[in-house]
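The structure file data_16.txt is reproduced below (compact mmCIF, C-alpha atoms and all ligand atoms).
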# COMPACT_ATOMS: atom_id res chain seq x y z
CA MET A 6 126.29 110.11 102.46
CA PRO A 7 123.17 111.92 103.75
CA HIS A 8 120.12 109.85 103.09
CA GLU A 9 117.23 111.20 101.12
CA PHE A 10 114.00 111.01 103.07
CA LEU A 11 111.02 109.48 101.27
CA THR A 12 107.47 109.82 102.55
CA THR A 13 104.02 110.44 101.10
CA ASP A 14 101.83 113.21 102.50
CA ILE A 15 98.67 111.53 103.82
CA ARG A 16 97.29 114.49 105.78
CA GLY A 17 93.51 114.39 105.99
CA GLN A 18 93.38 110.72 105.04
CA MET A 19 93.23 107.29 106.59
CA VAL A 20 94.97 104.49 104.71
CA LEU A 21 93.94 100.91 105.41
CA LEU A 22 97.32 99.16 105.44
CA GLY A 23 95.93 95.65 105.96
CA THR A 24 92.40 94.21 105.93
CA GLY A 25 93.06 90.50 106.50
CA THR A 26 92.44 88.20 109.41
CA SER A 27 95.24 86.96 111.69
CA VAL A 28 96.71 84.46 109.19
CA GLY A 29 96.37 86.82 106.21
CA VAL A 30 95.06 86.07 102.72
CA PRO A 31 96.37 84.05 100.95
CA MET A 32 96.65 81.65 103.88
CA ILE A 33 99.80 79.50 103.95
CA GLY A 34 99.10 76.14 102.30
CA CYS A 35 95.62 76.99 101.01
CA GLY A 36 94.71 76.37 97.39
CA CYS A 37 91.18 77.83 97.46
CA GLU A 38 89.95 80.18 94.77
CA VAL A 39 90.41 83.34 96.86
CA CYS A 40 93.93 82.37 98.01
CA ARG A 41 94.88 81.69 94.36
CA SER A 42 93.10 84.83 93.04
CA THR A 43 95.13 87.30 90.97
CA ASN A 44 92.82 90.18 91.96
CA PRO A 45 94.93 92.38 94.30
CA LYS A 46 91.78 93.08 96.34
CA ASN A 47 91.80 89.42 97.41
CA ARG A 48 95.29 89.78 98.93
CA ARG A 49 94.97 90.89 102.52
CA LEU A 50 97.80 91.65 104.93
CA ARG A 51 97.18 91.72 108.68
CA CYS A 52 94.95 94.49 110.05
CA SER A 53 96.38 97.95 110.49
CA ALA A 54 95.63 101.53 109.45
CA ILE A 55 97.43 104.87 109.44
CA LEU A 56 95.97 108.35 109.85
CA GLY A 57 97.43 111.59 108.50
CA LEU A 58 96.69 113.97 111.41
CA PRO A 59 97.60 117.67 111.85
CA GLY A 60 100.65 116.73 113.98
CA GLY A 61 101.85 113.74 111.96
CA ASN A 62 101.14 110.10 111.11
CA LEU A 63 99.38 107.88 113.63
CA LEU A 64 99.65 104.14 113.10
CA ILE A 65 96.81 102.01 114.51
CA ASP A 66 98.37 98.67 115.52
CA THR A 67 101.76 97.29 114.46
CA SER A 68 100.90 94.24 112.37
CA PRO A 69 103.55 91.64 111.50
CA ASP A 70 103.28 93.06 107.95
CA VAL A 71 103.96 96.68 108.93
CA ARG A 72 107.27 96.89 107.06
CA VAL A 73 105.83 95.91 103.68
CA GLN A 74 102.71 97.95 104.36
CA LEU A 75 104.62 101.20 104.94
CA LEU A 76 106.94 100.51 102.01
CA ARG A 77 103.99 99.76 99.72
CA GLU A 78 102.32 103.08 100.60
CA GLN A 79 105.67 104.95 100.65
CA ILE A 80 104.90 106.22 104.15
CA GLY A 81 108.32 106.91 105.63
CA ILE A 82 107.49 108.08 109.12
CA VAL A 83 105.26 107.07 112.01
CA HIS A 84 104.98 109.75 114.71
CA SER A 85 102.86 107.78 117.16
CA VAL A 86 101.11 104.42 117.59
CA LEU A 87 97.66 103.60 118.99
CA TYR A 88 96.64 100.01 119.84
CA THR A 89 93.24 98.32 119.67
CA HIS A 90 94.35 95.23 121.65
CA GLU A 91 97.30 92.94 122.24
CA HIS A 92 96.74 90.01 119.87
CA ALA A 93 99.81 88.89 117.91
CA ASP A 94 98.44 89.99 114.54
CA HIS A 95 98.14 93.57 115.90
CA VAL A 96 101.41 93.85 117.82
CA PHE A 97 104.28 91.77 116.45
CA GLY A 98 105.57 94.19 113.81
CA LEU A 99 106.63 96.64 116.49
CA ASP A 100 110.38 96.00 116.14
CA ASP A 101 110.17 97.20 112.53
CA LEU A 102 109.64 100.76 113.78
CA ARG A 103 113.22 100.90 115.09
CA MET A 104 114.36 103.61 112.66
CA MET A 105 111.57 105.93 113.84
CA GLN A 106 113.54 106.74 117.01
CA PHE A 107 116.13 108.42 114.77
CA TYR A 108 113.56 110.17 112.58
CA LEU A 109 111.69 111.41 115.68
CA GLY A 110 114.77 112.12 117.76
CA GLY A 111 113.40 110.07 120.66
CA PRO A 112 111.27 107.13 121.65
CA VAL A 113 108.17 106.16 119.66
CA PRO A 114 105.01 107.02 121.67
CA LEU A 115 102.74 103.99 122.13
CA HIS A 116 99.16 104.73 123.26
CA CYS A 117 97.41 101.71 124.74
CA GLU A 118 95.56 100.03 127.59
CA PRO A 119 97.49 98.21 130.38
CA GLY A 120 96.95 94.76 128.82
CA VAL A 121 98.68 95.84 125.62
CA GLU A 122 101.57 97.41 127.55
CA ASN A 123 102.06 94.17 129.52
CA ARG A 124 102.08 92.09 126.33
CA ILE A 125 104.61 94.42 124.67
CA ARG A 126 106.86 94.48 127.78
CA LYS A 127 106.90 90.64 127.83
CA SER A 128 107.16 90.03 124.09
CA PHE A 129 109.79 92.70 123.45
CA ASP A 130 111.62 92.33 126.77
CA TYR A 131 114.98 93.16 125.13
CA ALA A 132 113.69 96.72 124.54
CA PHE A 133 113.20 97.26 128.27
CA ASN A 134 116.23 95.69 129.95
CA SER A 135 118.82 97.96 131.47
CA GLU A 136 121.89 96.43 129.79
CA ALA A 137 124.03 98.73 127.70
CA HIS A 138 123.22 98.05 124.06
CA THR A 139 125.90 97.56 121.42
CA HIS A 140 124.68 100.50 119.27
CA PRO A 141 121.90 103.11 119.34
CA GLY A 142 119.58 101.34 116.87
CA ALA A 143 119.94 97.90 118.47
CA VAL A 144 116.55 97.90 120.17
CA PRO A 145 113.37 99.90 119.75
CA GLN A 146 112.99 102.95 122.01
CA LEU A 147 109.40 103.09 123.20
CA ALA A 148 107.40 105.37 125.50
CA PHE A 149 104.03 104.20 126.82
CA HIS A 150 101.02 106.48 127.17
CA ARG A 151 98.06 104.92 128.96
CA VAL A 152 94.60 105.33 127.43
CA GLY A 153 91.30 104.63 129.17
CA LEU A 154 87.69 105.16 128.22
CA GLU A 155 87.84 108.97 128.25
CA PRO A 156 88.48 110.84 124.97
CA PHE A 157 92.12 111.77 124.42
CA GLU A 158 94.27 113.78 121.99
CA ILE A 159 97.04 112.49 119.76
CA LEU A 160 98.86 114.61 117.16
CA GLY A 161 96.20 117.31 117.24
CA ALA A 162 93.17 115.04 116.82
CA THR A 163 90.59 113.88 119.37
CA PHE A 164 89.92 110.16 119.80
CA VAL A 165 86.87 108.67 121.44
CA PRO A 166 87.65 105.14 122.67
CA ILE A 167 84.83 102.67 122.03
CA ARG A 168 84.68 99.61 124.30
CA MET A 169 83.87 96.41 122.39
CA GLN A 170 83.80 92.67 123.14
CA HIS A 171 86.21 90.38 121.24
CA GLY A 172 84.86 87.04 122.41
CA ARG A 173 83.10 86.59 125.70
CA ARG A 174 86.02 87.24 128.03
CA PHE A 175 88.12 89.79 126.18
CA GLU A 176 87.64 93.52 125.64
CA VAL A 177 89.21 95.70 122.97
CA LEU A 178 89.00 99.33 121.88
CA GLY A 179 87.54 100.77 118.71
CA PHE A 180 88.17 104.44 118.02
CA ARG A 181 86.09 107.31 116.71
CA PHE A 182 87.90 110.34 115.30
CA GLY A 183 85.54 113.00 113.94
CA ASN A 184 82.95 111.23 111.83
CA VAL A 185 85.06 108.18 111.05
CA ALA A 186 85.32 105.11 113.29
CA TYR A 187 87.66 102.10 113.21
CA CYS A 188 86.16 99.04 114.92
CA THR A 189 88.05 95.81 114.29
CA ASP A 190 88.32 92.56 116.26
CA THR A 191 84.87 92.47 117.79
CA ASN A 192 81.82 90.25 117.88
CA ALA A 193 79.65 92.41 120.15
CA ILE A 194 79.31 96.15 120.67
CA PRO A 195 77.48 97.02 123.92
CA PRO A 196 74.57 99.52 123.72
CA ALA A 197 76.54 102.37 125.35
CA SER A 198 79.25 101.97 122.70
CA MET A 199 76.69 101.74 119.88
CA ALA A 200 75.41 105.14 121.07
CA GLN A 201 78.90 106.58 120.51
CA LEU A 202 78.88 105.45 116.88
CA THR A 203 75.88 107.30 115.49
CA GLY A 204 76.06 110.00 112.79
CA LEU A 205 79.22 108.60 111.15
CA ASP A 206 80.38 109.31 107.62
CA VAL A 207 82.51 106.15 107.52
CA LEU A 208 82.54 103.06 109.72
CA ILE A 209 85.24 100.42 109.37
CA LEU A 210 83.91 97.24 110.96
CA ASP A 211 85.09 93.67 111.60
CA ALA A 212 83.52 91.01 109.32
CA LEU A 213 85.50 87.77 109.32
CA ARG A 214 83.58 85.38 107.07
CA PRO A 215 80.05 84.20 106.19
CA ARG A 216 79.83 81.77 109.14
CA GLY A 217 79.71 82.83 112.78
CA HIS A 218 82.85 82.90 114.97
CA ALA A 219 83.55 83.05 118.71
CA THR A 220 85.46 86.36 118.57
CA HIS A 221 84.58 88.12 115.29
CA PHE A 222 81.39 89.30 113.57
CA SER A 223 80.22 87.20 110.65
CA LEU A 224 79.42 89.21 107.54
CA GLU A 225 75.70 88.92 108.25
CA GLU A 226 76.14 90.13 111.85
CA ALA A 227 78.33 93.02 110.68
CA VAL A 228 75.74 94.05 108.07
CA GLU A 229 73.11 94.11 110.82
CA VAL A 230 75.29 96.35 113.04
CA ALA A 231 75.94 98.65 110.08
CA ARG A 232 72.19 98.83 109.40
CA GLN A 233 71.56 99.86 113.00
CA LEU A 234 74.31 102.51 113.05
CA ALA A 235 73.49 103.76 109.53
CA PRO A 236 76.78 105.52 108.67
CA LYS A 237 76.97 106.99 105.16
CA GLN A 238 79.47 104.27 104.20
CA THR A 239 80.61 101.06 105.88
CA TYR A 240 83.77 99.14 104.97
CA PHE A 241 84.33 95.65 106.34
CA THR A 242 87.79 94.52 107.47
CA HIS A 243 89.69 91.63 109.17
CA MET A 244 88.44 89.29 106.44
CA SER A 245 89.34 85.67 105.88
CA HIS A 246 89.76 83.83 102.57
CA GLU A 247 86.08 82.86 102.71
CA LEU A 248 85.07 86.30 101.35
CA GLU A 249 85.82 86.80 97.65
CA HIS A 250 86.03 90.55 97.04
CA GLU A 251 83.93 91.08 93.90
CA ALA A 252 81.32 88.37 94.47
CA THR A 253 80.71 89.48 98.08
CA ASN A 254 80.53 93.18 97.19
CA ALA A 255 77.94 92.48 94.49
CA LYS A 256 75.60 91.10 97.17
CA LEU A 257 76.07 93.77 99.87
CA PRO A 258 73.45 96.48 100.53
CA ALA A 259 74.08 100.02 99.22
CA GLY A 260 76.59 101.95 101.34
CA MET A 261 78.43 98.77 102.42
CA ALA A 262 81.50 97.20 100.85
CA LEU A 263 84.50 95.07 101.68
CA ALA A 264 87.59 97.16 102.33
CA TYR A 265 90.88 96.28 100.66
CA ASP A 266 94.55 96.90 101.37
CA GLY A 267 95.52 100.42 100.34
CA LEU A 268 91.98 101.85 100.54
CA ARG A 269 92.13 105.58 101.34
CA ILE A 270 89.37 107.21 103.34
CA GLU A 271 88.90 110.94 103.79
CA LEU A 272 88.95 112.07 107.44
CA THR A 273 85.86 114.13 108.20
ZN ZN B 1 93.08 90.53 114.68
ZN ZN B 2 92.19 79.93 100.95
ZN ZN B 3 92.19 90.03 117.97
Take the structure from the file and write it as structure tokens.
Ligand SMILES: [Zn+2]
Ligand SMILES: [Zn+2]
Ligand SMILES: [Zn+2]
Amino acid sequence: MPHEFLTTDIRGQMVLLGTGTSVGVPMIGCGCEVCRSTNPKNRRLRCSAILGLPGGNLLIDTSPDVRVQLLREQIGIVHSVLYTHEHADHVFGLDDLRMMQFYLGGPVPLHCEPGVENRIRKSFDYAFNSEAHTHPGAVPQLAFHRVGLEPFEILGATFVPIRMQHGRRFEVLGFRFGNVAYCTDTNAIPPASMAQLTGLDVLILDALRPRGHATHFSLEEAVEVARQLAPKQTYFTHMSHELEHEATNAKLPAGMALAYDGLRIELT
């Protein structure tokens, strides 16, 4: 029986698939008010986003929740993947893209820095060994495309990579596409990168929790960065269970708000 293909048209939009920190919200075993909240905006899957570009859908990071995220949004196809960095909460859903090799008629393009490629080659070693596989869909088919600090094109859109610190010894990439920028997993943005983030319509920025952290912006630090960059709108992401959606939003300055899973942002 031929299968009926189901996908939503997201052209011209960015969908935030997950806005939670690495353990997600609710956190396993936690009985706090936010983890027990019935407000859907307090339920946060691991961080990921998808862009509807002229040439197809670009997934930013493959979170361990990617399967439920794509099903929830009824997005049936991913044409290409772009990675911010190689942490587990941004990579380990990759195997769930196995059917894309059939939909695309070839390997799934993965755009990333060398550190991400190394992590994926080690963690998904079965996808790269030369043994004959039992059947065509047994392992993911993947094709790496190296990105650096120069702007690059994917699916008909231009991306400006933004170098950011994620803790003292680790560097990640944020991305600017047109007047929207996605900057997660960072606790310091160097001056040269700040200069690449001016004049934005929308900034999506890491804000883990009220208290400081070794590798993520606190909410207060993120608000200060947003003040300096002055985009028209800022949405905070990668949030822990210490940020209750409604109560936190009520206290934020105008033009700043917590993001939530499923938030759609117009690409400008
Ligand atoms: Zn993360
Ligand atoms: Zn909790
Ligand atoms: Zn990280």
Next item on the list: Counting all atoms listed in the file, name the residues that have an atom within 8 Å of an atom of ligand ZN 1 (chain B); the answer should be given as a VMD selection string.
Entry: chain A and resid 26 to 27 51 to 52 92 to 95 189 to 190 243
Check: When distances are computed from only C-alpha atoms, which of A:Asp130, A:Asp14, A:Glu91, A:Glu38 shows the smallest separation from Leu56 of chain A?
Finding: A:Asp14
Margin query: Applying 10 Å and only C-alpha atoms, which residues near Pro215 of chain A remain after dropping the ones on its own chain fewer than 4 positions away? List them as number ranges by chain.
Written below: A: 222-226, 244-245, 247-248, 253
Notebook entry, point to check: Which protein, DNA or RNA residues have an atom within 10 Å of ligand ZN 2 (chain B), counting only C-alpha atoms and all ligand atoms, as a ChimeraX atom specification?
Noted result: /A:29-42,245-249
Check: What does the distance from atom CA of Glu155 of chain A to atom CA of Gly57 of chain A come to in Å, to one decimal?
Finding: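 Taking atom CA of Glu155 of chain A and atom CA of Gly57 of chain A, their separation equals 22.1 Å.
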Next item on the list: Grab the atom CA of Ile194 of chain A to atom CA of Arg168 of chain A distance for me, in Å with one decimal place.
Entry: 7.3 Å
Next item on the list: Could you check which of A:Thr273, A:Asn47, A:Thr24, A:Thr12 is closest to Val83 of chain A, using all atoms listed in the file?
Entry: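 Smallest distance to Val83 of chain A is found for A:Thr12.
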Notebook entry, point to check: Between atom CA of Val185 of chain A and atom CA of Gln106 of chain A, what is the distance, to one decimal in Å?
Noted result: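 So the two atoms, atom CA of Val185 of chain A and atom CA of Gln106 of chain A, lie 29.1 Å apart.
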